[in-house]
>>> print(open('work.txt').read())   # compact mmCIF, C-alpha atoms
# COMPACT_ATOMS: atom_id res chain seq x y z
CA MET A 1 -27.49 -29.86 -2.60
CA LEU A 2 -26.65 -29.33 -6.25
CA LEU A 3 -23.09 -30.56 -6.35
CA ARG A 4 -21.87 -34.11 -6.11
CA GLU A 5 -19.65 -34.88 -3.10
CA VAL A 6 -16.17 -33.55 -3.61
CA ASP A 7 -12.96 -33.42 -1.59
CA TYR A 8 -11.40 -30.03 -1.01
CA VAL A 9 -7.90 -28.92 -0.17
CA ARG A 10 -6.18 -25.56 0.08
CA PRO A 11 -2.43 -25.82 -0.49
CA SER A 12 -0.17 -23.02 0.73
CA THR A 13 2.56 -23.24 -1.92
CA VAL A 14 2.67 -23.75 -5.70
CA GLU A 15 4.82 -26.87 -5.15
CA GLU A 16 2.17 -28.34 -2.86
CA ALA A 17 -0.61 -27.49 -5.33
CA VAL A 18 1.24 -29.25 -8.16
CA ALA A 19 1.93 -32.27 -5.95
CA LEU A 20 -1.79 -32.50 -5.08
CA LEU A 21 -2.88 -32.13 -8.72
CA ALA A 22 -0.40 -34.81 -9.76
CA GLY A 23 -1.03 -37.08 -6.76
CA TYR A 24 -4.82 -37.37 -6.77
CA GLU A 25 -6.81 -38.87 -9.61
CA GLY A 26 -9.68 -36.63 -10.68
CA ALA A 27 -8.10 -33.55 -9.09
CA ARG A 28 -8.85 -30.17 -10.64
CA ALA A 29 -7.51 -26.72 -9.85
CA LEU A 30 -10.08 -24.30 -8.41
CA ALA A 31 -9.35 -20.63 -9.13
CA GLY A 32 -12.26 -18.16 -8.90
CA GLY A 33 -14.79 -20.87 -9.67
CA GLN A 34 -16.87 -18.70 -12.03
CA THR A 35 -17.01 -21.52 -14.56
CA ILE A 36 -16.26 -24.73 -12.68
CA VAL A 37 -18.81 -24.21 -9.89
CA ASN A 38 -21.55 -23.81 -12.51
CA VAL A 39 -20.26 -26.83 -14.42
CA MET A 40 -20.36 -28.85 -11.17
CA LYS A 41 -23.89 -27.62 -10.39
CA SER A 42 -25.13 -28.88 -13.74
CA ARG A 43 -23.00 -32.01 -13.19
CA ALA A 44 -21.54 -31.62 -16.66
CA ALA A 45 -18.29 -32.43 -14.84
CA ALA A 46 -17.65 -33.78 -11.37
CA PRO A 47 -14.04 -33.55 -10.19
CA ASP A 48 -13.15 -35.81 -7.26
CA VAL A 49 -10.79 -33.32 -5.64
CA LEU A 50 -10.76 -29.53 -5.82
CA VAL A 51 -7.34 -27.99 -5.25
CA ASP A 52 -8.19 -24.41 -4.24
CA LEU A 53 -5.45 -21.97 -5.28
CA ALA A 54 -6.85 -19.17 -3.06
CA ASP A 55 -3.89 -19.04 -0.67
CA LEU A 56 -1.20 -18.90 -3.38
CA ASP A 57 -0.48 -15.18 -3.03
CA LYS A 58 2.44 -15.48 -5.48
CA LEU A 59 -0.10 -16.12 -8.25
CA ARG A 60 -2.08 -12.97 -7.43
CA THR A 61 0.52 -10.41 -8.47
CA ILE A 62 1.07 -8.36 -11.61
CA GLY A 63 4.66 -7.30 -12.29
CA PHE A 64 7.48 -7.14 -14.78
CA SER A 65 10.17 -9.69 -15.65
CA SER A 66 13.82 -8.68 -15.99
CA GLU A 67 13.25 -8.62 -19.78
CA GLY A 68 10.36 -6.19 -19.33
CA LEU A 69 7.52 -8.65 -19.96
CA LEU A 70 4.27 -7.96 -18.13
CA GLU A 71 3.82 -10.96 -15.82
CA ILE A 72 0.23 -11.68 -14.79
CA GLY A 73 -0.24 -14.32 -12.10
CA ALA A 74 -2.81 -17.01 -12.90
CA MET A 75 -4.93 -16.02 -9.87
CA VAL A 76 -5.11 -12.33 -10.83
CA THR A 77 -8.80 -11.43 -11.16
CA CYS A 78 -10.36 -9.59 -14.08
CA ALA A 79 -11.11 -6.74 -11.65
CA GLN A 80 -7.39 -6.56 -10.78
CA LEU A 81 -6.50 -6.29 -14.49
CA VAL A 82 -8.98 -3.44 -14.89
CA ASN A 83 -7.42 -1.47 -12.01
CA SER A 84 -3.75 -2.31 -12.50
CA SER A 85 -1.31 0.56 -13.10
CA GLU A 86 1.20 -1.97 -14.55
CA VAL A 87 -1.37 -3.07 -17.15
CA GLU A 88 -2.25 0.54 -17.92
CA VAL A 89 1.40 1.34 -18.62
CA ALA A 90 2.39 -1.85 -20.47
CA ARG A 91 -0.68 -3.14 -22.33
CA PRO A 92 -3.89 -1.18 -21.62
CA ILE A 93 -5.98 -3.30 -24.04
CA LEU A 94 -5.94 -6.04 -21.37
CA ALA A 95 -7.79 -3.80 -18.90
CA GLU A 96 -10.12 -2.51 -21.59
CA VAL A 97 -11.18 -6.01 -22.62
CA ALA A 98 -11.26 -7.41 -19.06
CA GLY A 99 -13.69 -4.62 -18.13
CA THR A 100 -16.21 -6.03 -20.61
CA ILE A 101 -16.14 -9.61 -19.28
CA ALA A 102 -19.51 -10.62 -17.79
CA ASP A 103 -20.31 -8.27 -14.87
CA VAL A 104 -18.80 -6.75 -11.73
CA GLN A 105 -19.45 -9.80 -9.56
CA VAL A 106 -17.88 -12.23 -12.03
CA ARG A 107 -14.89 -9.92 -12.62
CA ASN A 108 -14.31 -9.79 -8.85
CA ARG A 109 -13.93 -13.58 -8.64
CA GLY A 110 -13.03 -14.73 -12.16
CA THR A 111 -9.30 -15.07 -12.83
CA VAL A 112 -7.02 -14.75 -15.84
CA GLY A 113 -5.83 -18.33 -15.34
CA GLY A 114 -9.37 -19.66 -15.13
CA ASN A 115 -10.49 -17.73 -18.21
CA VAL A 116 -7.66 -19.05 -20.39
CA CYS A 117 -7.63 -22.63 -19.02
CA VAL A 118 -11.38 -23.00 -19.58
CA ASN A 119 -10.82 -21.69 -23.12
CA ASP A 120 -14.52 -21.45 -23.79
CA PRO A 121 -14.66 -20.29 -27.45
CA THR A 122 -16.63 -17.20 -26.37
CA ASN A 123 -14.08 -16.16 -23.71
CA HIS A 124 -12.44 -12.80 -24.38
CA LEU A 125 -8.88 -13.40 -23.24
CA PRO A 126 -7.81 -16.34 -25.46
CA PRO A 127 -7.99 -14.51 -28.83
CA LEU A 128 -6.59 -11.34 -27.26
CA LEU A 129 -3.58 -13.15 -25.79
CA VAL A 130 -2.94 -14.88 -29.13
CA ALA A 131 -2.89 -11.50 -30.88
CA LEU A 132 -0.57 -10.06 -28.21
CA GLU A 133 1.87 -13.00 -28.54
CA ALA A 134 1.59 -13.87 -24.87
CA THR A 135 3.41 -16.86 -23.41
CA PHE A 136 2.19 -19.16 -20.66
CA THR A 137 4.28 -20.51 -17.79
CA ILE A 138 3.24 -24.01 -16.70
CA ARG A 139 4.56 -25.78 -13.60
CA GLY A 140 4.77 -29.54 -13.42
CA ARG A 141 6.26 -31.74 -10.72
CA GLU A 142 9.55 -32.09 -12.56
CA ARG A 143 9.94 -28.86 -14.45
CA GLU A 144 8.58 -25.52 -15.51
CA ARG A 145 7.96 -24.77 -19.18
CA THR A 146 6.81 -21.78 -21.20
CA VAL A 147 4.39 -22.24 -24.09
CA PRO A 148 3.61 -19.64 -26.80
CA ALA A 149 -0.04 -18.62 -27.24
CA ASP A 150 -0.23 -20.24 -30.69
CA GLU A 151 0.43 -23.62 -29.02
CA PHE A 152 -1.45 -23.06 -25.75
CA PHE A 153 -5.11 -23.14 -26.80
CA LEU A 154 -6.02 -26.60 -28.09
CA GLY A 155 -9.80 -26.92 -27.76
CA VAL A 156 -12.78 -26.28 -25.49
CA TYR A 157 -11.59 -26.92 -21.91
CA LEU A 158 -8.33 -28.06 -23.46
CA THR A 159 -5.01 -26.25 -23.25
CA ALA A 160 -1.32 -27.14 -23.11
CA VAL A 161 -1.70 -27.49 -19.31
CA GLY A 162 -1.56 -31.27 -18.82
CA GLU A 163 -2.73 -33.48 -15.97
CA GLY A 164 -0.79 -32.79 -12.81
CA GLU A 165 0.31 -29.38 -14.11
CA LEU A 166 -0.60 -25.84 -13.12
CA LEU A 167 -0.62 -22.60 -15.10
CA THR A 168 1.26 -20.10 -12.92
CA LYS A 169 1.48 -16.96 -15.04
CA VAL A 170 0.76 -15.32 -18.37
CA ASN A 171 3.55 -13.20 -19.85
CA VAL A 172 2.66 -10.36 -22.21
CA PRO A 173 5.13 -8.22 -24.15
CA PRO A 174 4.69 -4.47 -23.52
CA SER A 175 3.12 -2.52 -26.39
CA ASN A 176 6.19 -0.39 -27.27
CA ASP A 177 5.25 0.94 -30.72
CA ALA A 178 2.25 -1.39 -31.17
CA GLY A 179 -1.42 -0.46 -31.27
CA ASP A 180 -4.02 -2.99 -30.10
CA GLY A 181 -7.68 -3.42 -30.98
CA PHE A 182 -10.57 -5.68 -30.01
CA ALA A 183 -13.94 -5.77 -31.74
CA GLY A 184 -16.88 -8.07 -32.22
CA VAL A 185 -20.61 -8.45 -32.12
CA THR A 186 -22.36 -9.42 -28.88
CA ILE A 187 -25.75 -10.79 -27.94
CA GLY A 188 -27.23 -7.66 -26.39
CA LYS A 189 -25.08 -4.67 -25.45
CA HIS A 190 -22.93 -6.41 -22.84
CA GLY A 191 -23.58 -10.04 -23.67
CA THR A 192 -21.58 -12.97 -24.96
CA TYR A 193 -19.71 -12.55 -28.23
CA ILE A 194 -21.12 -14.16 -31.39
CA VAL A 195 -17.75 -13.48 -33.05
CA ASP A 196 -14.82 -11.38 -31.86
CA ALA A 197 -11.42 -10.40 -33.18
CA ALA A 198 -8.24 -9.10 -31.56
CA ALA A 199 -5.51 -7.33 -33.51
CA THR A 200 -2.14 -5.79 -32.89
CA VAL A 201 -0.31 -3.59 -35.39
CA SER A 202 3.39 -2.84 -34.93
CA ASP A 203 6.64 -2.37 -36.86
CA ASP A 204 6.94 -6.17 -36.87
CA GLY A 205 3.65 -6.55 -38.70
CA VAL A 206 0.07 -7.42 -37.89
CA ARG A 207 -1.37 -10.21 -35.75
CA ILE A 208 -5.06 -11.03 -35.88
CA ALA A 209 -6.87 -13.70 -33.84
CA LEU A 210 -10.55 -14.59 -34.09
CA GLY A 211 -12.76 -15.91 -31.28
CA CYS A 212 -16.02 -17.93 -31.37
CA VAL A 213 -15.34 -19.41 -34.83
CA ALA A 214 -13.67 -22.67 -33.74
CA ALA A 215 -12.79 -24.63 -30.60
CA ALA A 216 -9.71 -22.43 -30.11
CA PRO A 217 -8.71 -18.95 -31.35
CA VAL A 218 -7.91 -18.84 -35.09
CA ARG A 219 -5.12 -16.70 -36.57
CA ALA A 220 -6.09 -14.83 -39.73
CA THR A 221 -2.65 -15.34 -41.27
CA ALA A 222 -3.57 -14.58 -44.89
CA MET A 223 -5.08 -11.26 -43.82
CA GLU A 224 -2.00 -10.55 -41.68
CA ASP A 225 0.27 -11.17 -44.70
CA SER A 226 -1.73 -9.02 -47.07
CA LEU A 227 -1.54 -6.12 -44.59
CA ALA A 228 2.28 -6.03 -44.76
CA GLY A 229 3.21 -2.47 -45.68
CA SER A 230 -0.43 -1.40 -45.69
CA ASP A 231 -1.50 2.23 -45.28
CA PHE A 232 -4.27 0.90 -42.97
CA SER A 233 -6.94 2.93 -44.70
CA GLU A 234 -10.47 1.60 -44.27
CA GLN A 235 -10.44 0.53 -47.90
CA SER A 236 -7.20 -1.42 -47.82
CA VAL A 237 -8.00 -3.17 -44.51
CA ALA A 238 -11.42 -4.18 -45.88
CA ALA A 239 -9.74 -5.48 -49.04
CA ALA A 240 -7.30 -7.54 -46.95
CA ALA A 241 -10.23 -9.15 -45.10
CA GLN A 242 -11.85 -10.33 -48.34
CA GLY A 243 -11.91 -14.10 -48.44
CA LEU A 244 -11.22 -14.55 -44.68
CA GLY A 245 -14.75 -15.87 -44.07
CA VAL A 246 -14.55 -18.76 -46.51
CA THR A 247 -11.41 -20.10 -44.84
CA LEU A 248 -13.37 -20.60 -41.58
CA ASP A 249 -15.66 -23.40 -40.48
CA PRO A 250 -17.59 -21.81 -37.59
CA PRO A 251 -20.50 -23.45 -35.75
CA SER A 252 -24.16 -22.63 -36.36
CA ASP A 253 -26.37 -22.05 -33.33
CA VAL A 254 -29.39 -20.09 -32.18
CA HIS A 255 -27.35 -16.85 -32.15
CA GLY A 256 -26.01 -17.07 -35.68
CA SER A 257 -25.55 -19.37 -38.65
CA ALA A 258 -22.09 -20.43 -39.82
CA GLU A 259 -22.56 -18.14 -42.81
CA TYR A 260 -23.35 -15.16 -40.57
CA ARG A 261 -20.30 -15.90 -38.40
CA ARG A 262 -18.10 -15.97 -41.52
CA HIS A 263 -19.41 -12.51 -42.36
CA LEU A 264 -18.94 -11.26 -38.79
CA ALA A 265 -15.38 -12.60 -38.76
CA GLU A 266 -14.45 -10.28 -41.63
CA VAL A 267 -16.32 -7.33 -40.09
CA SER A 268 -14.76 -7.88 -36.65
CA ALA A 269 -11.25 -8.34 -38.03
CA VAL A 270 -11.50 -5.11 -40.04
CA ARG A 271 -12.75 -3.16 -37.00
CA ALA A 272 -10.07 -4.59 -34.71
CA VAL A 273 -7.25 -3.83 -37.18
CA LEU A 274 -8.49 -0.28 -37.83
CA GLN A 275 -8.71 0.35 -34.08
CA ALA A 276 -5.22 -1.09 -33.55
CA ALA A 277 -3.71 0.91 -36.42
CA GLY A 278 -5.35 4.11 -35.15
CA ARG A 279 -3.85 3.59 -31.70
CA ARG A 280 -0.37 2.81 -32.90
CA LYS A 281 2.15 5.27 -31.52
CA GLY A 282 2.95 7.90 -34.12
CA ALA A 283 -0.07 6.87 -36.18
CA MET B 1 1.16 -31.78 2.46
CA ALA B 2 -2.49 -30.90 3.17
CA THR B 3 -4.97 -33.74 2.65
CA PRO B 4 -8.17 -33.35 0.63
CA ALA B 5 -11.32 -33.79 2.74
CA PRO B 6 -15.08 -33.81 2.06
CA SER B 7 -15.63 -31.04 4.62
CA ARG B 8 -13.71 -28.19 6.22
CA ALA B 9 -13.95 -26.21 9.43
CA ILE B 10 -14.32 -22.63 8.25
CA SER B 11 -14.06 -19.39 10.11
CA LEU B 12 -15.54 -16.21 8.70
CA GLU B 13 -17.05 -12.90 9.68
CA ILE B 14 -20.62 -12.31 8.58
CA ASN B 15 -22.30 -8.94 9.19
CA GLY B 16 -19.73 -8.28 11.91
CA GLU B 17 -20.26 -11.60 13.70
CA GLN B 18 -17.54 -14.25 13.82
CA ILE B 19 -18.77 -17.73 12.76
CA GLU B 20 -16.96 -21.05 12.99
CA MET B 21 -18.57 -24.10 11.44
CA GLU B 22 -17.76 -27.39 9.74
CA VAL B 23 -19.25 -27.36 6.22
CA PRO B 24 -19.34 -29.92 3.41
CA ALA B 25 -17.03 -28.94 0.54
CA ARG B 26 -19.89 -29.16 -1.93
CA ARG B 27 -22.11 -26.64 -0.12
CA LEU B 28 -22.62 -23.38 -2.01
CA LEU B 29 -22.02 -20.17 -0.09
CA VAL B 30 -25.63 -19.08 -0.71
CA HIS B 31 -26.97 -22.28 0.88
CA PHE B 32 -24.60 -21.88 3.82
CA ILE B 33 -25.87 -18.32 4.34
CA ARG B 34 -29.56 -19.20 3.98
CA ASP B 35 -29.84 -22.70 5.43
CA ASP B 36 -27.00 -22.94 7.96
CA LEU B 37 -27.07 -19.35 9.20
CA GLY B 38 -30.77 -18.66 8.60
CA LEU B 39 -30.06 -15.38 6.80
CA THR B 40 -32.75 -15.70 4.15
CA GLY B 41 -32.50 -12.12 2.87
CA THR B 42 -30.02 -13.39 0.28
CA HIS B 43 -32.13 -14.88 -2.51
CA VAL B 44 -31.56 -17.70 -4.97
CA GLY B 45 -32.86 -16.52 -8.32
CA CYS B 46 -31.49 -18.52 -11.22
CA ASP B 47 -28.93 -20.88 -9.66
CA THR B 48 -26.76 -20.38 -12.76
CA GLY B 49 -24.83 -17.23 -11.91
CA ASN B 50 -26.78 -14.99 -14.28
CA CYS B 51 -29.28 -13.05 -12.20
CA GLY B 52 -27.34 -11.62 -9.26
CA ALA B 53 -30.17 -12.04 -6.70
CA CYS B 54 -27.68 -13.93 -4.47
CA THR B 55 -25.11 -11.09 -4.48
CA VAL B 56 -23.27 -10.57 -1.18
CA GLN B 57 -20.12 -8.63 -0.40
CA LEU B 58 -16.93 -10.61 0.11
CA ASP B 59 -14.24 -8.44 1.70
CA GLY B 60 -16.23 -5.43 0.50
CA GLU B 61 -16.64 -6.50 -3.12
CA PRO B 62 -19.88 -7.83 -4.64
CA VAL B 63 -19.82 -11.51 -5.63
CA LYS B 64 -22.50 -14.03 -6.53
CA SER B 65 -22.87 -16.41 -3.60
CA CYS B 66 -24.32 -19.16 -5.81
CA MET B 67 -21.06 -19.31 -7.77
CA MET B 68 -18.87 -19.90 -4.76
CA LEU B 69 -18.40 -22.76 -2.34
CA ALA B 70 -18.76 -21.94 1.34
CA VAL B 71 -15.29 -23.39 1.96
CA GLN B 72 -13.85 -20.79 -0.45
CA ALA B 73 -15.07 -18.08 1.93
CA ASP B 74 -12.92 -19.44 4.77
CA GLY B 75 -11.17 -16.46 6.34
CA ALA B 76 -13.31 -13.87 4.53
CA ARG B 77 -15.52 -11.02 5.71
CA ILE B 78 -19.04 -11.26 4.30
CA ALA B 79 -21.86 -8.75 4.29
CA THR B 80 -25.45 -9.67 3.42
CA VAL B 81 -28.51 -7.45 3.07
CA GLU B 82 -29.32 -8.06 6.77
CA GLY B 83 -26.09 -6.26 7.65
CA LEU B 84 -27.05 -2.99 5.95
CA ALA B 85 -29.39 -1.79 8.69
CA PRO B 86 -28.78 -3.97 11.75
CA ASP B 87 -30.75 -1.66 14.06
CA GLY B 88 -33.61 -1.12 11.63
CA ASP B 89 -32.55 2.41 10.65
CA LEU B 90 -32.54 2.25 6.87
CA THR B 91 -29.46 3.45 5.01
CA ALA B 92 -29.68 6.33 2.54
CA LEU B 93 -29.65 3.76 -0.27
CA GLN B 94 -32.53 1.77 1.24
CA ARG B 95 -34.54 4.97 1.79
CA ALA B 96 -33.90 5.98 -1.81
CA PHE B 97 -35.22 2.59 -3.01
CA ASN B 98 -38.37 3.29 -1.00
CA GLU B 99 -38.75 6.88 -2.17
CA HIS B 100 -38.12 6.11 -5.85
CA HIS B 101 -40.28 2.99 -5.90
CA ALA B 102 -37.23 1.00 -7.02
CA LEU B 103 -38.84 -2.39 -6.53
CA GLN B 104 -41.98 -4.20 -7.46
CA CYS B 105 -41.90 -7.88 -6.51
CA GLY B 106 -38.71 -7.29 -4.50
CA TYR B 107 -36.99 -10.56 -5.31
CA CYS B 108 -33.91 -8.96 -6.88
CA THR B 109 -33.72 -6.16 -4.29
CA PRO B 110 -31.23 -7.72 -1.82
CA GLY B 111 -28.76 -8.33 -4.66
CA MET B 112 -29.36 -4.85 -6.08
CA LEU B 113 -28.71 -3.30 -2.65
CA MET B 114 -25.47 -5.25 -2.15
CA SER B 115 -24.11 -4.32 -5.60
CA ALA B 116 -25.22 -0.70 -5.25
CA SER B 117 -23.86 -0.27 -1.72
CA ALA B 118 -20.48 -1.64 -2.84
CA LEU B 119 -20.50 0.89 -5.68
CA LEU B 120 -21.36 3.76 -3.31
CA ALA B 121 -18.59 2.70 -0.93
CA ARG B 122 -15.91 3.17 -3.59
CA ASN B 123 -17.67 5.88 -5.64
CA PRO B 124 -19.96 7.92 -3.36
CA HIS B 125 -21.44 10.05 -6.17
CA PRO B 126 -21.92 7.80 -9.19
CA THR B 127 -23.36 8.96 -12.49
CA GLU B 128 -26.24 7.15 -14.16
CA GLU B 129 -23.76 5.47 -16.52
CA GLU B 130 -21.60 4.27 -13.63
CA VAL B 131 -24.66 2.91 -11.83
CA ARG B 132 -25.79 0.99 -14.90
CA TYR B 133 -22.29 -0.47 -15.38
CA ALA B 134 -22.15 -1.53 -11.72
CA LEU B 135 -25.57 -3.21 -11.87
CA GLN B 136 -24.98 -5.18 -15.08
CA GLY B 137 -24.83 -8.38 -13.07
CA ASN B 138 -28.20 -7.84 -11.39
CA ILE B 139 -31.32 -8.69 -13.33
CA CYS B 140 -34.76 -7.26 -12.52
CA ARG B 141 -37.77 -8.57 -14.42
CA CYS B 142 -40.29 -6.07 -13.04
CA THR B 143 -39.10 -2.49 -13.03
CA GLY B 144 -37.25 -1.94 -16.29
CA TYR B 145 -34.39 -0.62 -14.11
CA VAL B 146 -35.27 3.09 -14.47
CA ASN B 147 -36.38 3.57 -10.86
CA ILE B 148 -33.54 1.42 -9.52
CA VAL B 149 -30.94 3.53 -11.32
CA GLU B 150 -32.66 6.74 -10.16
CA ALA B 151 -32.62 5.50 -6.57
CA VAL B 152 -28.90 4.69 -6.57
CA VAL B 153 -28.00 8.00 -8.24
CA ALA B 154 -30.15 9.83 -5.67
CA ALA B 155 -28.53 7.92 -2.79
CA GLY B 156 -25.22 9.29 -4.06
CA GLY B 157 -26.61 12.80 -3.88
CA GLY B 158 -27.12 13.20 -7.62
CA HIS B 159 -30.33 14.04 -9.44
CA ALA B 160 -31.31 11.41 -11.98
>>> encode(input="work.txt", output="structure tokens")
Amino acid sequence: MLLREVDYVRPSTVEEAVALLAGYEGARALAGGQTIVNVMKSRAAAPDVLVDLADLDKLRTIGFSSEGLLEIGAMVTCAQLVNSSEVEVARPILAEVAGTIADVQVRNRGTVGGNVCVNDPTNHLPPLLVALEATFTIRGRERERTVPADEFFLGVYLTAVGEGELLTKVNVPPSNDAGDGFAGVTIGKHGTYIVDAAATVSDDGVRIALGCVAAAPVRATAMEDSLAGSDFSEQSVAAAAQGLGVTLDPPSDVHGSAEYRRHLAEVSAVRAVLQAAGRRKGA
Amino acid sequence: MATPAPSRAISLEINGEQIEMEVPARRLLVHFIRDDLGLTGTHVGCDTGNCGACTVQLDGEPVKSCMMLAVQADGARIATVEGLAPDGDLTALQRAFNEHHALQCGYCTPGMLMSASALLARNPHPTEEEVRYALQGNICRCTGYVNIVEAVVAAGGGHA
């Protein structure tokens, strides 16, 4: 038996899930389990109570709000994102990127909520959702609040979701006139990212978010500013990326030195912006 | 409000048979399948969710049974490699593995068969590219994958 003893409960409503998370010390939400089960096997963490969200059908839907936002339930799997007609219509980059997460088996179980709440620096969705200006709906016992992406991701395993709270949905604005891009360099063809970048280009400007360079996604704000009014030629996007690397303090590990990651950050940001600009409607 | 407990009485269908059993919350699905049910065709390869040897089908979709608790499968329909040919008559996919020499040591084969049969169920005539994409989560350290991919393409009626 690899896992330490743990108590398990399967609530049938969001209210009950929140009450359990708030009421039991050491309680953790269990979504698809594609991270937490491994973490428990290695005993890097050992929650006392697992609150399994499996029966919360309300969190498994993809739909639209009255304002036209794409609403993705926290228990929606990566496989669901890949096959969703709503995603295809409103923000196809989500399906494109979700289809490159891990492998079929992990996409069948792994959820959007789990991916963002783990906020592993190599996870795909956190930088993408920052670039897309997503917002996150969090339920507590007393109230529900909505947090913008720039304030949601705080560190590894650390988000704005506090103790006794539950992420219920991720809200993404539809593309409208925007073009979206995602680029990076992986370990092997389908492996983990060494550095990645997400970008969106619209009439409102450019948003760029980098993954794998810090404990949470990093906005490339100086590059965004210098792209205001750009013609988005390869030359001008590359020029805008100059100096991005030195502003970063990425980790060094067996897959790449900090210096190499600084270089890859500029390369990835340029590729993501060019892809986004090329996909912009009317481009 | 439901009360957390260290075990749960689960009810699930496995290879067409209905099972009801009390299991500890910390038991992995793969250990439940192998040790409690005695279905040892499902292999434990890496124990870290990387290799896919433990792949089973949960409600028709391939999942890694070492990355799931048995209690999470409560109410589900599970298929393991034993369920592919219950009467001993090999499926077209299994015959293709034989004909194309798609295994050497055989350790990864049950996981390969469960991923590939799920692919064939939703895409009966996959291309080589589709087969490779569907088998990304299954690692083989013997064959170099060429014969495995050929076998799955052939099982779908294509010529690799």
>>> residues_around(input="work.txt", residues="A:Ala239", least_positions_apart="3", cutoff="12 Å", atoms="only C-alpha atoms", output="list in words")
Ala222, Met223, Glu224, Ser226, Leu227, Ser230, Asp231, Phe232, Ser233, Glu234, Gln235, Ser236, Gln242, Gly243, Leu244, Glu266, Val267, Ala269 and Val270 of chain A
>>> atom_distance(input="work.txt", atom1="atom CA of A:Ala265", atom2="atom CA of A:Ala198")
10.7 Å
>>> interface_residues(input="work.txt", of="chain A", to="chain B", cutoff="9 Å", atoms="only C-alpha atoms", output="NGL selection string")
:A and (1-12 or 16 or 19-20 or 32-38 or 41-42 or 49-52 or 54 or 102-109 or 190)
>>> atom_distance(input="work.txt", atom1="atom CA of A:Glu133", atom2="atom CA of A:Val172")
6.9 Å
>>> atom_distance(input="work.txt", atom1="atom CA of A:Pro217", atom2="atom CA of A:Pro126")
6.5 Å
>>> closest_residue(input="work.txt", among="A:Ile62, A:Ala27, A:Ala228, A:Ala90", to="A:Asp48", atoms="all atoms listed in the file")
A:Ala27
>>> residues_near_point(input="work.txt", point="(-2.4, -17.0, -14.6)", cutoff="6 Å", atoms="all atoms listed in the file", output="JSON, numbers by chain")
{"A": [72, 73, 74, 75, 112, 113, 167, 168, 169, 170]}
>>> residues_around(input="work.txt", residues="stretch 143-146 of chain B", least_positions_apart="4", cutoff="8 Å", atoms="all atoms listed in the file", output="PyMOL selection string")
chain B and resi 102-104+150
>>> closest_residue(input="work.txt", among="A:Ala45, A:Val87, A:Ala241, A:Ala258", to="A:Tyr157", atoms="only C-alpha atoms")
A:Ala45
>>> residues_around(input="work.txt", residues="B:Tyr107", least_positions_apart="4", cutoff="12 Å", atoms="only C-alpha atoms", output="list in words")
Thr40, Gly41, Thr42, His43, Val44, Gly45, Cys46, Cys51, Gly52, Ala53, Cys54, Thr55, Ala102, Leu103, Gly111, Met112, Leu113, Asn138, Ile139, Cys140, Arg141, Cys142 and Thr143 of chain B
>>> residues_around(input="work.txt", residues="B:Thr127", least_positions_apart="2", cutoff="8 Å", atoms="all atoms listed in the file", output="VMD selection string")
chain B and resid 125 129 to 131 153 158
>>> closest_residue(input="work.txt", among="A:Glu86, A:Glu71, A:Asp204, A:Glu165", to="A:Ala17", atoms="all atoms listed in the file")
A:Glu165
>>> closest_residue(input="work.txt", among="A:Val118, A:Leu154, A:Ala197, A:Leu132", to="A:Pro174", atoms="all atoms listed in the file")
A:Leu132
>>> closest_residue(input="work.txt", among="A:Leu264, A:Ile187, A:Cys117, A:Ile93", to="A:Thr200", atoms="all atoms listed in the file")
A:Ile93
>>> closest_residue(input="work.txt", among="A:Ala31, A:Lys189, A:Val213, A:Ala240", to="B:Arg132", atoms="all atoms listed in the file")
A:Lys189
>>> residues_around(input="work.txt", residues="stretch 88-94 of chain B", least_positions_apart="3", cutoff="12 Å", atoms="all atoms listed in the file", output="ChimeraX atom specification")
/B:81-85,97-103,109-110,112-121,124-125,148-157
